[in-house]
Amino acid sequence: NAGVTQTPKFRVLKTGQSMTLLCAQDMNHEYMYWYRQDPGMGLRLIHYSVGEGTTAKGEVPDGYNVSRLKKQNFLLGLESAAPSQTSVYFCASSYSRTLLGGEAFFGQGTRLTVV
Amino acid sequence: AQKITQTQPGMFVQEKEAVTLDCTYDTSDPSYGLFWYKQPSSGEMIFLIYQGSYDQQNATEGRYSLNFQKARKSANLVISASQLGDSAMYFCAMRDDLNTGTASKLTFGTGTRLQVTL
């Protein structure tokens, strides 16, 4: 059972470089989320999607873009990386209704360092 | 706007004792779900327990129970008979259930680091 898979697991970027983080889920979940985790800050929502072709901004969207062209994939892009984007990034997915359980399933995280 | 508050940055508990981790929330939505997650030092996020806003009884899952007080907007996690393996970061989270597109965020608190001692 794959669940939620994030690619890559680790990455070092130079300031100004671009990259795309891929999140793939095989549970047919409608909702997908991208978070960043920094010490003492908990998990902060970057962008999220409630269905294929739809995305919305979270708490800290600046400097990031996302796309959800296929239901199972949610891509997070950094167009011009900055040292402030050094963080651990988590992708998560869930069903649309909490009444169906609705807990989010998480990927293993991507540790990104921008130098 | 949704907001989750965890006021305990760190907690210590002795093995085999019970511990309560606090969580308060703020929302204007009538229907929502509350979640607790555990993050051990290895980094993965592990789902522990869920409470729906309309659930009449407090949720329980093994040694975990959720003390849900709707009027006070609190959803504290109680861990009974603590074990060394319970040492981890614990996050409270909330999501509204309106399914109206932009409303359905999953919002996390800043977490509580629990250390279980001998």
# chains A, B, ... in the order shown; residues from 1 in each chain; ligands from 1
call {"tool": "interface_residues", "arguments": {"of": "chain B", "to": "chain A", "cutoff": "9 Å", "atoms": "only C-alpha atoms", "output": "number ranges by chain"}}
result
B: 9, 32-35, 43-47, 49-50, 52, 91, 95-102, 104-111
call {"tool": "select_by_dssp", "arguments": {"residues": "chain A", "states": "strand (DSSP E)", "output": "PyMOL selection string"}}
result
chain A and resi 4-7+10-13+19-25+31-38+42-51+54-57+64-67+73-78+87-94+105-106+110-114
call {"tool": "residues_around", "arguments": {"residues": "Asp26 of chain A", "least_positions_apart": "2", "cutoff": "9 Å", "atoms": "only C-alpha atoms", "output": "PyMOL selection string"}}
result
chain A and resi 1-5+24+28-29+72
call {"tool": "atom_distance", "arguments": {"atom1": "atom CA of Arg11 of chain A", "atom2": "atom CA of Ser87 of chain A"}}
result
10.5 Å
call {"tool": "residues_around", "arguments": {"residues": "Ser80 of chain A", "least_positions_apart": "2", "cutoff": "6 Å", "atoms": "only C-alpha atoms", "output": "list in words"}}
result
Gly16, Gln17, Ser18 and Leu78 of chain A
call {"tool": "write_last_selection", "arguments": {"atoms": "N, CA and C atoms", "output": "tab-separated table (two decimals), in the first residue's frame"}}
result
chain	number	residue	atom	x	y	z
A	16	GLY	N	17.68	31.14	-5.88
A	16	GLY	CA	17.30	31.50	-7.23
A	16	GLY	C	16.95	30.32	-8.12
A	17	GLN	N	17.32	29.12	-7.72
A	17	GLN	CA	16.97	27.94	-8.51
A	17	GLN	C	15.50	27.61	-8.33
A	18	SER	N	14.99	26.84	-9.26
A	18	SER	CA	13.60	26.41	-9.18
A	18	SER	C	13.54	24.90	-9.00
A	78	LEU	N	8.58	25.82	-6.60
A	78	LEU	CA	9.30	27.00	-6.12
A	78	LEU	C	9.97	27.60	-7.35
call {"tool": "residues_around", "arguments": {"residues": "Glu52 of chain A", "least_positions_apart": "4", "cutoff": "7 Å", "atoms": "only C-alpha atoms", "output": "list of chain:residue names"}}
result
A:Arg68, A:Leu69, A:Lys70, A:Lys71
call {"tool": "write_last_selection", "arguments": {"atoms": "C-alpha atoms", "output": "mmCIF file, in the first residue's frame"}}
result
data_model
loop_
_atom_site.group_PDB
_atom_site.id
_atom_site.type_symbol
_atom_site.label_atom_id
_atom_site.label_comp_id
_atom_site.auth_asym_id
_atom_site.auth_seq_id
_atom_site.Cartn_x
_atom_site.Cartn_y
_atom_site.Cartn_z
ATOM 1 C CA ARG A 68 -3.518 19.574 -9.636
ATOM 2 C CA LEU A 69 -4.000 18.410 -13.198
ATOM 3 C CA LYS A 70 -4.767 14.846 -12.119
ATOM 4 C CA LYS A 71 -6.714 13.819 -9.043
#
